[in-house]
$ cat run.txt   # compact mmCIF, C-alpha atoms
# COMPACT_ATOMS: atom_id res chain seq x y z
CA MET A 1 9.11 26.12 4.24
CA GLN A 2 5.77 25.93 6.01
CA ASN A 3 2.55 24.49 4.65
CA ASN A 4 -0.24 26.06 6.68
CA LEU A 5 -3.56 25.67 4.90
CA PRO A 6 -6.63 27.84 5.50
CA THR A 7 -8.65 26.47 8.39
CA HIS A 8 -12.01 27.46 6.90
CA THR A 9 -14.27 26.45 4.09
CA THR A 10 -16.02 29.06 2.00
CA GLN A 11 -18.38 29.46 -0.91
CA ASN A 12 -16.50 32.56 -2.00
CA SER A 13 -14.30 32.16 -5.09
CA THR A 14 -11.84 34.75 -3.77
CA THR A 15 -9.23 33.80 -1.17
CA PRO A 16 -8.72 35.80 2.05
CA GLN A 17 -5.75 37.48 0.34
CA GLY A 18 -8.03 38.76 -2.42
CA VAL A 19 -6.63 36.43 -5.09
CA PRO A 20 -9.13 34.52 -7.26
CA LEU A 21 -9.08 30.86 -6.25
CA TRP A 22 -8.95 29.74 -9.87
CA ARG A 23 -5.63 31.53 -10.23
CA LEU A 24 -4.14 29.67 -7.27
CA LEU A 25 -5.45 26.38 -8.61
CA HIS A 26 -3.93 27.02 -12.02
CA ALA A 27 -0.54 27.86 -10.49
CA THR A 28 -0.75 24.81 -8.22
CA ALA A 29 -1.45 22.57 -11.20
CA GLN A 30 1.58 24.01 -12.96
CA VAL A 31 3.72 23.13 -9.90
CA VAL A 32 2.29 19.59 -9.87
CA ALA A 33 2.98 19.11 -13.58
CA ALA A 34 6.56 20.34 -13.12
CA VAL A 35 7.12 17.95 -10.20
CA LYS A 36 5.85 15.13 -12.39
CA GLY A 37 8.43 16.29 -14.90
CA GLY A 38 11.23 15.92 -12.34
CA ARG A 39 11.58 19.42 -10.87
CA SER A 40 11.83 20.17 -7.14
CA MET A 41 8.80 21.84 -5.60
CA THR A 42 11.01 24.06 -3.43
CA ALA A 43 12.44 25.93 -6.41
CA LEU A 44 9.07 26.06 -8.14
CA LEU A 45 7.42 27.71 -5.15
CA GLU A 46 10.25 30.21 -4.71
CA ALA A 47 9.65 31.31 -8.30
CA GLN A 48 5.97 32.13 -7.70
CA PRO A 49 4.94 35.82 -7.62
CA PRO A 50 4.85 37.06 -4.00
CA ALA A 51 1.13 37.85 -4.16
CA ILE A 52 0.16 34.22 -4.74
CA ARG A 53 3.13 32.32 -3.27
CA PRO A 54 1.63 31.58 0.18
CA GLY A 55 -1.61 30.28 -1.31
CA VAL A 56 0.09 28.21 -3.99
CA GLN A 57 2.50 26.79 -1.43
CA ALA A 58 -0.31 25.72 0.91
CA LEU A 59 -2.33 24.10 -1.88
CA SER A 60 0.72 22.44 -3.46
CA PHE A 61 1.75 20.84 -0.18
CA GLN A 62 -1.73 19.40 0.29
CA VAL A 63 -1.89 18.11 -3.27
CA MET A 64 1.50 16.38 -2.95
CA ARG A 65 0.41 14.71 0.29
CA TRP A 66 -2.73 13.25 -1.28
CA TYR A 67 -1.56 12.85 -4.85
CA GLY A 68 -1.72 9.05 -4.70
CA ARG A 69 -5.42 9.12 -3.84
CA ALA A 70 -5.98 11.72 -6.54
CA GLN A 71 -4.30 9.59 -9.20
CA ALA A 72 -6.37 6.56 -8.24
CA LEU A 73 -9.59 8.59 -8.37
CA ARG A 74 -8.69 10.12 -11.71
CA ALA A 75 -8.11 6.61 -13.07
CA GLN A 76 -11.68 5.76 -12.03
CA LEU A 77 -13.05 8.86 -13.72
CA ALA A 78 -10.94 8.67 -16.90
CA ARG A 79 -9.16 5.42 -17.66
CA LYS A 80 -6.95 7.12 -20.23
CA ALA A 81 -4.77 9.86 -18.80
CA PRO A 82 -5.55 13.29 -20.29
CA PRO A 83 -2.76 15.64 -21.45
CA PRO A 84 -0.28 16.50 -18.65
CA ALA A 85 -1.58 20.02 -17.95
CA VAL A 86 -5.16 18.77 -17.74
CA ASP A 87 -4.20 15.76 -15.66
CA ALA A 88 -2.32 17.96 -13.20
CA LEU A 89 -5.29 20.32 -12.81
CA LEU A 90 -7.76 17.47 -12.41
CA CYS A 91 -5.60 15.58 -9.90
CA SER A 92 -4.97 18.78 -7.95
CA ALA A 93 -8.71 19.32 -7.54
CA LEU A 94 -9.28 15.70 -6.52
CA ALA A 95 -6.45 15.82 -3.96
CA LEU A 96 -7.95 18.94 -2.41
CA CYS A 97 -11.61 17.93 -2.29
CA TRP A 98 -11.67 14.15 -1.84
CA ASP A 99 -12.11 14.44 1.94
CA ASP A 100 -14.24 17.23 3.43
CA ALA A 101 -12.32 17.10 6.70
CA LEU A 102 -9.11 18.00 4.85
CA ALA A 103 -10.49 20.34 2.19
CA PRO A 104 -9.32 23.97 2.44
CA TYR A 105 -12.51 25.11 0.66
CA ALA A 106 -15.93 23.60 0.09
CA ALA A 107 -15.81 20.82 -2.49
CA PHE A 108 -18.25 22.47 -4.91
CA THR A 109 -16.25 25.73 -4.71
CA LEU A 110 -13.06 23.86 -5.58
CA VAL A 111 -14.79 22.14 -8.49
CA ASP A 112 -16.28 25.40 -9.80
CA GLN A 113 -12.96 27.22 -9.58
CA THR A 114 -11.01 24.33 -11.13
CA VAL A 115 -13.30 24.44 -14.15
CA GLU A 116 -12.82 28.22 -14.26
CA ALA A 117 -9.03 27.70 -14.20
CA ALA A 118 -9.35 25.24 -17.09
CA ARG A 119 -11.35 27.76 -19.14
CA LYS A 120 -8.99 30.68 -18.54
CA ASN A 121 -5.73 29.00 -19.57
CA LYS A 122 -4.71 28.05 -23.07
CA ASP A 123 -3.15 24.69 -22.15
CA THR A 124 -6.42 23.42 -20.67
CA ARG A 125 -9.14 25.53 -22.33
CA GLY A 126 -10.07 22.87 -24.86
CA GLN A 127 -10.55 20.31 -22.07
CA ALA A 128 -12.65 22.46 -19.71
CA ASN A 129 -15.81 20.47 -20.42
CA PHE A 130 -13.95 17.22 -19.74
CA VAL A 131 -12.65 18.58 -16.41
CA ASN A 132 -16.14 19.75 -15.53
CA ALA A 133 -17.71 16.37 -16.37
CA CYS A 134 -15.13 14.43 -14.36
CA LEU A 135 -15.40 16.60 -11.26
CA ARG A 136 -19.22 16.81 -11.32
CA ARG A 137 -19.34 13.02 -11.54
CA PHE A 138 -16.93 12.84 -8.63
CA LEU A 139 -19.23 15.01 -6.50
CA ARG A 140 -22.21 12.81 -7.37
CA GLU A 141 -20.42 9.48 -6.79
CA ARG A 142 -17.78 10.49 -4.28
CA GLU A 143 -18.49 7.87 -1.62
CA ALA A 144 -18.53 4.99 -4.09
CA LEU A 145 -15.43 6.18 -5.95
CA ILE A 146 -13.43 6.61 -2.76
CA LYS A 147 -14.46 3.14 -1.60
CA GLN A 148 -13.30 1.68 -4.92
CA THR A 149 -9.82 3.12 -4.35
CA ASP A 150 -9.47 2.26 -0.65
CA GLU A 151 -7.62 -1.00 -1.30
CA ASP A 152 -5.28 0.54 -3.88
CA LEU A 153 -1.78 0.84 -2.33
CA LEU A 154 -1.20 4.10 -4.19
CA ALA A 155 -4.41 5.64 -2.86
CA ARG A 156 -4.20 4.16 0.64
CA TRP A 157 -0.66 5.32 1.40
CA ASN A 158 -0.13 8.22 -1.04
CA HIS A 159 3.34 7.03 -1.99
CA PRO A 160 4.45 5.24 -5.17
CA VAL A 161 3.72 1.52 -4.93
CA TRP A 162 7.43 0.63 -5.15
CA TRP A 163 8.10 2.98 -2.22
CA VAL A 164 5.41 1.35 -0.09
CA GLN A 165 6.76 -2.11 -0.87
CA LYS A 166 10.32 -1.01 -0.05
CA ILE A 167 9.26 0.33 3.36
CA GLN A 168 7.32 -2.88 4.02
CA MET A 169 10.46 -4.89 3.32
CA ASP A 170 12.89 -2.65 5.24
CA HIS A 171 10.64 -2.01 8.25
CA PRO A 172 8.19 -4.93 8.53
CA LYS A 173 7.02 -3.96 12.02
CA ASP A 174 6.76 -0.18 11.58
CA TRP A 175 5.97 0.33 7.90
CA GLU A 176 2.38 1.46 8.42
CA ALA A 177 3.34 3.91 11.16
CA ILE A 178 6.19 5.31 9.02
CA LEU A 179 3.95 5.92 6.02
CA THR A 180 1.22 7.41 8.20
CA ALA A 181 3.69 9.77 9.87
CA SER A 182 4.94 10.90 6.46
CA GLN A 183 1.48 12.37 5.79
CA ALA A 184 1.53 14.70 8.77
CA PRO A 185 3.13 18.17 8.60
CA ALA A 186 6.44 18.34 10.45
CA PRO A 187 6.94 20.57 13.51
CA MET A 188 9.21 23.60 13.44
CA THR A 189 12.25 22.82 15.57
CA LEU A 190 14.98 25.22 16.63
CA ARG A 191 18.60 24.67 17.66
CA VAL A 192 19.75 27.02 20.40
CA ASN A 193 23.25 28.46 20.01
CA THR A 194 24.66 27.60 23.42
CA LEU A 195 27.55 30.04 22.89
CA GLN A 196 24.99 32.81 23.28
CA THR A 197 22.23 31.51 25.53
CA THR A 198 20.65 28.45 27.11
CA VAL A 199 17.55 26.49 26.19
CA THR A 200 15.82 27.66 29.38
CA ASP A 201 16.61 31.32 28.76
CA TYR A 202 15.57 31.13 25.13
CA LEU A 203 12.26 29.50 26.04
CA ALA A 204 11.64 32.55 28.23
CA GLN A 205 12.46 34.88 25.32
CA LEU A 206 10.03 32.97 23.12
CA GLU A 207 7.36 33.34 25.79
CA SER A 208 7.94 37.10 25.86
CA ALA A 209 7.52 37.18 22.07
CA GLY A 210 4.20 35.36 22.31
CA LEU A 211 5.61 32.00 21.17
CA LYS A 212 5.73 28.70 23.01
CA GLY A 213 7.82 25.58 22.72
CA GLN A 214 9.27 22.62 24.55
CA PRO A 215 12.85 21.34 24.92
CA VAL A 216 13.96 18.43 22.71
CA GLY A 217 17.31 16.73 22.32
CA LEU A 218 20.47 18.30 23.66
CA SER A 219 19.86 21.95 22.72
CA GLY A 220 16.65 21.99 20.70
CA ILE A 221 13.22 23.54 21.07
CA GLU A 222 10.11 22.29 19.29
CA LEU A 223 7.68 25.15 18.69
CA HIS A 224 4.03 24.55 19.44
CA LYS A 225 3.20 26.54 16.32
CA ALA A 226 5.42 27.45 13.37
CA ALA A 227 6.58 31.05 13.11
CA ALA A 228 8.41 33.19 10.58
CA VAL A 229 12.12 33.47 11.39
CA HIS A 230 11.86 37.25 11.81
CA GLN A 231 9.56 36.57 14.77
CA LEU A 232 12.23 34.51 16.55
CA PRO A 233 14.15 36.55 19.15
CA GLY A 234 17.81 36.92 18.22
CA PHE A 235 17.55 34.94 14.99
CA ALA A 236 19.39 37.56 12.92
CA GLN A 237 22.16 37.60 15.54
CA GLY A 238 22.64 33.83 15.41
CA MET A 239 21.05 33.01 18.75
CA VAL A 240 18.98 30.24 17.22
CA SER A 241 18.70 28.26 13.98
CA VAL A 242 15.92 26.25 12.37
CA GLN A 243 16.96 22.58 12.27
CA ASP A 244 15.08 19.30 12.59
CA ALA A 245 15.63 17.50 15.89
CA GLY A 246 16.99 14.44 14.11
CA ALA A 247 19.50 16.52 12.16
CA GLN A 248 20.70 18.07 15.42
CA MET A 249 22.23 14.72 16.41
CA ALA A 250 25.03 14.83 13.83
CA ALA A 251 27.40 17.41 15.31
CA PRO A 252 27.40 16.23 18.96
CA LEU A 253 27.70 12.62 17.80
CA LEU A 254 30.81 13.42 15.75
CA LEU A 255 32.44 15.45 18.54
CA GLN A 256 31.68 13.31 21.58
CA GLY A 257 34.88 12.10 23.16
CA LEU A 258 37.06 14.60 21.28
CA ASP A 259 38.92 17.46 22.96
CA CYS A 260 37.69 20.66 21.34
CA SER A 261 40.44 22.69 23.03
CA GLN A 262 42.98 21.13 20.63
CA ASN A 263 42.08 23.12 17.47
CA LEU A 264 40.65 20.05 15.79
CA ARG A 265 40.72 19.74 12.01
CA ILE A 266 37.19 18.90 10.91
CA LEU A 267 35.79 18.18 7.45
CA ASP A 268 32.12 18.73 6.67
CA ALA A 269 32.11 16.91 3.37
CA CYS A 270 28.66 17.79 1.98
CA ALA A 271 27.99 20.94 3.93
CA ALA A 272 25.24 22.97 2.25
CA PRO A 273 23.13 24.66 3.38
CA GLY A 274 25.34 24.81 6.47
CA GLY A 275 23.12 23.84 9.40
CA LYS A 276 25.42 21.07 10.62
CA THR A 277 28.49 23.20 9.83
CA GLY A 278 27.24 25.92 12.13
CA HIS A 279 26.36 23.43 14.83
CA LEU A 280 29.88 21.96 14.76
CA LEU A 281 31.38 25.41 15.22
CA GLU A 282 28.99 26.26 18.04
CA LEU A 283 30.11 23.12 19.88
CA CYS A 284 33.79 23.40 18.88
CA PRO A 285 34.48 27.12 18.25
CA THR A 286 38.25 26.81 17.73
CA ALA A 287 38.03 24.04 15.13
CA GLN A 288 39.75 24.43 11.78
CA LEU A 289 36.75 23.44 9.73
CA VAL A 290 36.64 22.81 5.99
CA ALA A 291 33.12 22.94 4.56
CA LEU A 292 32.73 21.44 1.09
CA ASP A 293 29.90 21.50 -1.38
CA VAL A 294 30.00 20.80 -5.08
CA ASP A 295 27.60 23.68 -5.87
CA PRO A 296 29.07 27.22 -5.64
CA VAL A 297 25.60 28.73 -5.16
CA ARG A 298 24.94 26.43 -2.22
CA CYS A 299 28.35 27.35 -0.81
CA GLU A 300 27.15 30.94 -0.64
CA ARG A 301 24.29 29.76 1.57
CA VAL A 302 26.81 28.10 3.89
CA ILE A 303 28.73 31.38 4.14
CA GLN A 304 25.54 33.35 4.83
CA ASN A 305 24.51 30.94 7.58
CA LEU A 306 27.94 31.11 9.18
CA ASP A 307 27.96 34.91 8.99
CA ARG A 308 24.64 35.00 10.86
CA LEU A 309 26.07 32.67 13.51
CA GLN A 310 29.28 34.75 13.66
CA ARG A 311 31.37 31.66 12.89
CA LYS A 312 34.16 31.14 10.37
CA ALA A 313 35.10 28.14 8.22
CA GLN A 314 37.02 27.48 5.03
CA VAL A 315 34.14 27.08 2.58
CA VAL A 316 35.19 25.38 -0.65
CA ALA A 317 33.18 24.67 -3.79
CA ALA A 318 34.54 21.26 -4.73
CA ASP A 319 33.61 17.61 -5.21
CA ALA A 320 34.29 15.66 -2.02
CA SER A 321 34.97 12.54 -4.10
CA GLN A 322 37.96 14.27 -5.75
CA PRO A 323 40.23 15.30 -2.86
CA GLU A 324 43.12 15.93 -5.23
CA THR A 325 41.30 19.16 -6.20
CA TRP A 326 40.89 20.57 -2.67
CA TRP A 327 42.74 18.60 0.05
CA ASP A 328 45.95 20.10 1.55
CA LYS A 329 47.33 16.64 2.55
CA PHE A 330 46.82 17.23 6.29
CA LEU A 331 44.70 14.54 7.93
CA PHE A 332 41.46 15.36 9.73
CA ASP A 333 40.57 14.61 13.35
CA ALA A 334 36.89 14.27 12.46
CA ILE A 335 34.83 13.98 9.28
CA LEU A 336 31.10 14.49 8.86
CA LEU A 337 29.75 12.79 5.74
CA ASP A 338 26.13 13.80 5.30
CA ALA A 339 25.90 11.84 2.08
CA PRO A 340 23.62 12.51 -0.91
CA CYS A 341 20.58 10.25 -0.63
CA THR A 342 16.97 9.75 -1.65
CA ALA A 343 15.80 12.07 1.16
CA SER A 344 13.15 9.46 1.92
CA GLY A 345 13.17 10.46 5.60
CA ILE A 346 12.03 14.06 5.10
CA GLY A 347 8.76 13.45 3.27
CA ARG A 348 6.78 15.38 5.85
CA ARG A 349 8.66 18.56 4.97
CA HIS A 350 9.06 17.80 1.28
CA PRO A 351 6.10 15.68 0.12
CA ASP A 352 7.16 16.10 -3.51
CA VAL A 353 10.24 13.89 -2.93
CA ARG A 354 8.22 10.68 -3.07
CA TRP A 355 6.95 11.64 -6.56
CA LEU A 356 10.36 12.78 -7.79
CA ARG A 357 12.26 9.61 -6.89
CA ARG A 358 12.52 6.45 -8.94
CA GLU A 359 13.25 3.03 -7.47
CA SER A 360 16.53 2.91 -9.41
CA ASP A 361 17.71 6.04 -7.54
CA ILE A 362 18.39 3.98 -4.42
CA GLY A 363 21.06 1.84 -6.06
CA GLN A 364 22.61 4.77 -7.92
CA LEU A 365 22.86 6.88 -4.77
CA ALA A 366 24.21 3.92 -2.77
CA LEU A 367 27.11 3.73 -5.22
CA ILE A 368 27.86 7.43 -4.67
CA GLN A 369 27.67 6.97 -0.89
CA ALA A 370 30.07 4.02 -1.01
CA GLN A 371 32.51 5.97 -3.19
CA LEU A 372 32.47 8.93 -0.78
CA LEU A 373 33.09 6.69 2.22
CA GLN A 374 36.02 4.95 0.51
CA THR A 375 37.49 8.24 -0.71
CA LEU A 376 37.25 10.17 2.55
CA TRP A 377 38.30 7.41 4.96
CA PRO A 378 42.04 7.74 4.08
CA LEU A 379 41.82 11.46 4.96
CA LEU A 380 41.05 10.61 8.60
CA LYS A 381 43.79 10.38 11.25
CA PRO A 382 44.31 7.08 13.08
CA GLY A 383 42.09 7.40 16.14
CA GLY A 384 39.93 9.93 14.32
CA GLN A 385 36.15 9.77 14.06
CA LEU A 386 33.75 9.82 11.13
CA VAL A 387 30.00 10.17 11.18
CA TYR A 388 28.15 8.82 8.17
CA CYS A 389 24.56 10.03 7.95
CA THR A 390 21.70 10.22 5.49
CA CYS A 391 18.18 11.60 5.73
CA SER A 392 16.90 8.28 4.44
CA ILE A 393 14.82 5.44 5.84
CA PHE A 394 15.89 2.97 3.15
CA LEU A 395 18.29 0.45 4.68
CA ALA A 396 20.45 0.32 1.54
CA GLU A 397 21.49 3.92 2.29
CA GLY A 398 22.04 3.33 6.00
CA HIS A 399 22.79 0.13 7.86
CA GLY A 400 23.42 -1.83 4.67
CA GLN A 401 25.91 0.75 3.45
CA ILE A 402 27.89 0.75 6.70
CA GLU A 403 27.92 -3.04 7.06
CA THR A 404 29.45 -3.32 3.58
CA PHE A 405 32.01 -0.63 4.39
CA LEU A 406 33.10 -2.40 7.58
CA GLN A 407 33.55 -5.67 5.73
CA HIS A 408 36.04 -4.00 3.37
CA ASN A 409 37.80 -1.74 5.89
CA THR A 410 39.16 -3.65 8.84
CA ASP A 411 40.64 -0.49 10.38
CA ALA A 412 37.12 0.88 10.88
CA VAL A 413 35.11 0.11 14.03
CA PHE A 414 31.90 1.35 15.58
CA LEU A 415 32.79 3.70 18.41
CA THR A 416 31.03 2.91 21.68
CA SER A 417 28.99 5.91 22.73
CA PRO A 418 28.27 7.04 26.29
CA GLY A 419 24.69 6.08 27.07
CA HIS A 420 23.64 9.59 28.06
CA LEU A 421 24.46 10.96 24.62
CA ILE A 422 23.69 9.54 21.21
CA PRO A 423 23.90 5.85 20.22
CA GLN A 424 26.76 5.23 17.80
CA LYS A 425 24.55 3.76 15.08
CA ARG A 426 20.91 4.38 14.72
CA GLN A 427 18.07 4.34 12.23
CA ILE A 428 15.48 6.84 13.39
CA ASN A 429 12.12 7.01 11.67
CA PRO A 430 9.49 9.75 11.64
CA ALA A 431 6.99 7.38 13.28
CA VAL A 432 9.14 7.01 16.41
CA GLN A 433 9.25 9.71 19.06
CA ASP A 434 11.66 9.55 21.97
CA ASN A 435 13.10 11.62 24.78
CA LEU A 436 16.29 12.24 22.82
CA ALA A 437 14.91 13.92 19.72
CA GLY A 438 11.22 14.44 20.29
CA GLU A 439 9.39 14.48 16.97
CA HIS A 440 11.84 14.23 14.11
CA ASP A 441 12.45 13.33 10.48
CA GLY A 442 13.93 10.02 9.37
CA PHE A 443 17.72 9.72 9.56
CA TYR A 444 20.48 7.14 9.76
CA TYR A 445 23.67 7.74 11.74
CA ALA A 446 26.82 5.70 12.23
CA LEU A 447 29.85 6.79 14.26
CA LEU A 448 33.07 5.12 13.12
CA GLN A 449 36.62 5.32 14.50
CA LYS A 450 39.83 4.54 12.66
CA ARG A 451 41.97 2.08 14.59
CA LEU A 452 45.29 3.41 15.91

$ encode --input "run.txt" --output "structure tokens"
Amino acid sequence: MQNNLPTHTTQNSTTPQGVPLWRLLHATAQVVAAVKGGRSMTALLEAQPPAIRPGVQALSFQVMRWYGRAQALRAQLARKAPPPAVDALLCSALALCWDDALAPYAAFTLVDQTVEAARKNKDTRGQANFVNACLRRFLREREALIKQTDEDLLARWNHPVWWVQKIQMDHPKDWEAILTASQAPAPMTLRVNTLQTTVTDYLAQLESAGLKGQPVGLSGIELHKAAAVHQLPGFAQGMVSVQDAGAQMAAPLLLQGLDCSQNLRILDACAAPGGKTGHLLELCPTAQLVALDVDPVRCERVIQNLDRLQRKAQVVAADASQPETWWDKFLFDAILLDAPCTASGIGRRHPDVRWLRRESDIGQLALIQAQLLQTLWPLLKPGGQLVYCTCSIFLAEGHGQIETFLQHNTDAVFLTSPGHLIPQKRQINPAVQDNLAGEHDGFYYALLQKRL
């Protein structure tokens, strides 16, 4: 999902696509209100009518990135929060126009069209004058109001205060860089299917298609500019997949040191949507791979991804924590546990996550992670390997989780990794770029081996 905003400002109240701006603002406010109510922005945007989806998506991404500043400004303008629909519309406008350098349209155009959106919709019509008064005051006193919110943690970092404090505690040296990086849009990164081509050859194909990129990681390419998948040469034939550079570490980490000519039995325990599943089968084509996901609909996505890659796996809709419902009693040579987590490491791609999560989610998800580790470990052969990973930057879901597991499982050891590949345990953060993964999301990885 891309979040490319218009690069112009305009006095016109109609967008380049011919859609009235007030309509986009109204739909954006509805998305914001739904996120505040606990719903994922991804599903909300997919449900938008095609005619307005690109515009609503672009505006919604920007609002979610600057929603902390918007909330702090709204508190200055109206100490008492207005009704949810009105608050969402007002905060959306403030997030979009608080900084001229970031604004997709001129500030007075955004204000005018926000008031128009308030007037045209029944949930906000009675508060149109209130919205107008707040936003006109903001335009008059913008510099002073912004200055008043500069020292507010919520406004300064555009993450919930508890989140900021958690990052400060977990990453005392890098916390500012991590939070800053979370505000920037993520690059589009591809994984080349080395069964079909090479990174060098695919870069040449991209060049022929008018696209440019640079190599990252072991078989990745970071595009200089995002593109629709139908523009990618060979995408429909499985030549390439879209996958973050950090996520591309999981499959080679799990397989390093294993002999893929031996028809390995591999378990991908939380497989959907299937990116890592496909990568495992590209690297180890003869593997007998079981791909699990608790959601049957998401299992269909795994199957579709594998079909595009021309790979086969046993895809099962089942709960990984209940092996008695799906396991055939044969031990696995390798297990990939991409555990459910807060997704705190992928805020650049999904800026709504920070507003969906509660601080209590960390502890609740850590319990699920621990249960999955304890349940799946007995399914691994002696000498077998397990990769535990999360797309989280909270230590309780990464290093802390593995340290606790090792204390209670003396047959588990960190597996020493060859230096030219991937370190066996690693917290990678979106603020840190390196030669291995280029620019990436936040992830934690640990490679464990069961003692013989």

$ atom_distance --input "run.txt" --atom1 "atom CA of A:Glu176" --atom2 "atom CA of A:His224"
25.6 Å

$ residues_around --input "run.txt" --residues "A:Gly398" --least-positions-apart "4" --cutoff "9 Å" --atoms "all atoms listed in the file" --output "list in words"
Tyr388, Cys389, Thr390, Ser392, Ile393, Phe394, Ile402, Glu403, Arg426, Gln427, Phe443, Tyr444, Tyr445 and Ala446 of chain A

$ residues_around --input "run.txt" --residues "A:Gly213" --least-positions-apart "4" --cutoff "9 Å" --atoms "all atoms listed in the file" --output "count of residues only"
9

$ residues_around --input "run.txt" --residues "A:Val131" --least-positions-apart "2" --cutoff "9 Å" --atoms "all atoms listed in the file" --output "MDAnalysis selection string"
chainID A and resid 86:87 89:90 111 114:115 118 124 127:129 133:136

$ atom_distance --input "run.txt" --atom1 "atom CA of A:Trp66" --atom2 "atom CA of A:Lys173"
23.8 Å

$ residues_around --input "run.txt" --residues "stretch 308-324 of chain A" --least-positions-apart "4" --cutoff "6 Å" --atoms "all atoms listed in the file" --output "ChimeraX atom specification"
/A:237-238,269,289-294,296,372

$ residues_around --input "run.txt" --residues "stretch 326-335 of chain A" --least-positions-apart "5" --cutoff "9 Å" --atoms "only C-alpha atoms" --output "compact mmCIF listing (two decimals) with C-alpha atoms, in the coordinates of the input"
# COMPACT_ATOMS: atom_id res chain seq x y z
CA LEU A 254 30.81 13.42 15.75
CA LEU A 255 32.44 15.45 18.54
CA LEU A 258 37.06 14.60 21.28
CA LEU A 264 40.65 20.05 15.79
CA ARG A 265 40.72 19.74 12.01
CA ILE A 266 37.19 18.90 10.91
CA LEU A 267 35.79 18.18 7.45
CA ASP A 268 32.12 18.73 6.67
CA ALA A 269 32.11 16.91 3.37
CA VAL A 316 35.19 25.38 -0.65
CA ALA A 317 33.18 24.67 -3.79
CA ALA A 318 34.54 21.26 -4.73
CA ASP A 319 33.61 17.61 -5.21
CA ALA A 320 34.29 15.66 -2.02
CA LEU A 376 37.25 10.17 2.55
CA TRP A 377 38.30 7.41 4.96
CA PRO A 378 42.04 7.74 4.08
CA LEU A 379 41.82 11.46 4.96
CA LEU A 380 41.05 10.61 8.60
CA LYS A 381 43.79 10.38 11.25
CA PRO A 382 44.31 7.08 13.08
CA GLY A 383 42.09 7.40 16.14
CA GLY A 384 39.93 9.93 14.32
CA GLN A 385 36.15 9.77 14.06
CA LEU A 386 33.75 9.82 11.13
CA VAL A 387 30.00 10.17 11.18
CA TYR A 388 28.15 8.82 8.17

$ residues_near_point --input "run.txt" --point "(5.8, 18.1, -2.8)" --cutoff "12 Å" --atoms "only C-alpha atoms" --output "PyMOL selection string"
chain A and resi 1-3+28-29+31-36+38-45+56-68+92+158-159+182-183+185+346-357

$ atom_distance --input "run.txt" --atom1 "atom CA of A:Leu110" --atom2 "atom CA of A:Ala93"
6.6 Å

$ closest_atom_pairs --input "run.txt" --of "stretch 131-222 of chain A" --to "stretch 74-85 of chain A" --cutoff "9 Å" --atoms "all atoms listed in the file" --output "tab-separated table"
residue	atom	partner	partner_atom	distance
A:Cys134	CA	A:Leu77	CA	6.0
A:Leu135	CA	A:Leu77	CA	8.5
A:Arg137	CA	A:Leu77	CA	7.8
A:Phe138	CA	A:Leu77	CA	7.5
A:Leu145	CA	A:Gln76	CA	7.2
A:Gln148	CA	A:Gln76	CA	8.4
A:Thr149	CA	A:Gln76	CA	8.3

$ closest_residue --input "run.txt" --among "A:Leu447, A:Met188, A:Leu179, A:Leu337" --to "A:Gln374" --atoms "only C-alpha atoms"
A:Leu337

$ residues_near_point --input "run.txt" --point "(-4.3, 2.7, -7.1)" --cutoff "9 Å" --atoms "only C-alpha atoms" --output "MDAnalysis selection string"
chainID A and resid 68:69 71:73 75 149:156 161

$ closest_residue --input "run.txt" --among "A:Gly442, A:Trp163, A:Arg119, A:His399" --to "A:Arg358" --atoms "only C-alpha atoms"
A:Trp163

$ closest_residue --input "run.txt" --among "A:Asn305, A:Asn121, A:Ser208, A:Gln401" --to "A:Leu373" --atoms "all atoms listed in the file"
A:Gln401

$ closest_residue --input "run.txt" --among "A:Asn263, A:Leu190, A:Thr200, A:Ala272" --to "A:Ser241" --atoms "all atoms listed in the file"
A:Leu190

$ build_atoms --input "run.txt" --residues "stretch 408-415 of chain A" --atoms "N, CA and C atoms" --output "short mmCIF file (atom, residue, chain, number, x, y, z; two decimals), in the frame of the given file"
data_model
loop_
_atom_site.label_atom_id
_atom_site.label_comp_id
_atom_site.auth_asym_id
_atom_site.auth_seq_id
_atom_site.Cartn_x
_atom_site.Cartn_y
_atom_site.Cartn_z
N HIS A 408 34.91 -4.29 4.26
CA HIS A 408 36.04 -4.00 3.37
C HIS A 408 37.09 -3.08 3.98
N ASN A 409 36.85 -2.64 5.22
CA ASN A 409 37.80 -1.74 5.89
C ASN A 409 37.98 -2.20 7.33
N THR A 410 38.97 -3.05 7.52
CA THR A 410 39.16 -3.65 8.84
C THR A 410 39.71 -2.67 9.87
N ASP A 411 40.17 -1.50 9.43
CA ASP A 411 40.64 -0.49 10.38
C ASP A 411 39.50 0.41 10.86
N ALA A 412 38.28 0.10 10.46
CA ALA A 412 37.12 0.88 10.88
C ALA A 412 36.30 0.09 11.89
N VAL A 413 35.92 0.76 12.99
CA VAL A 413 35.11 0.11 14.03
C VAL A 413 34.02 1.09 14.48
N PHE A 414 32.88 0.52 14.92
CA PHE A 414 31.90 1.35 15.58
C PHE A 414 32.48 1.84 16.90
N LEU A 415 32.28 3.12 17.18
CA LEU A 415 32.79 3.70 18.41
C LEU A 415 31.71 3.64 19.47
#
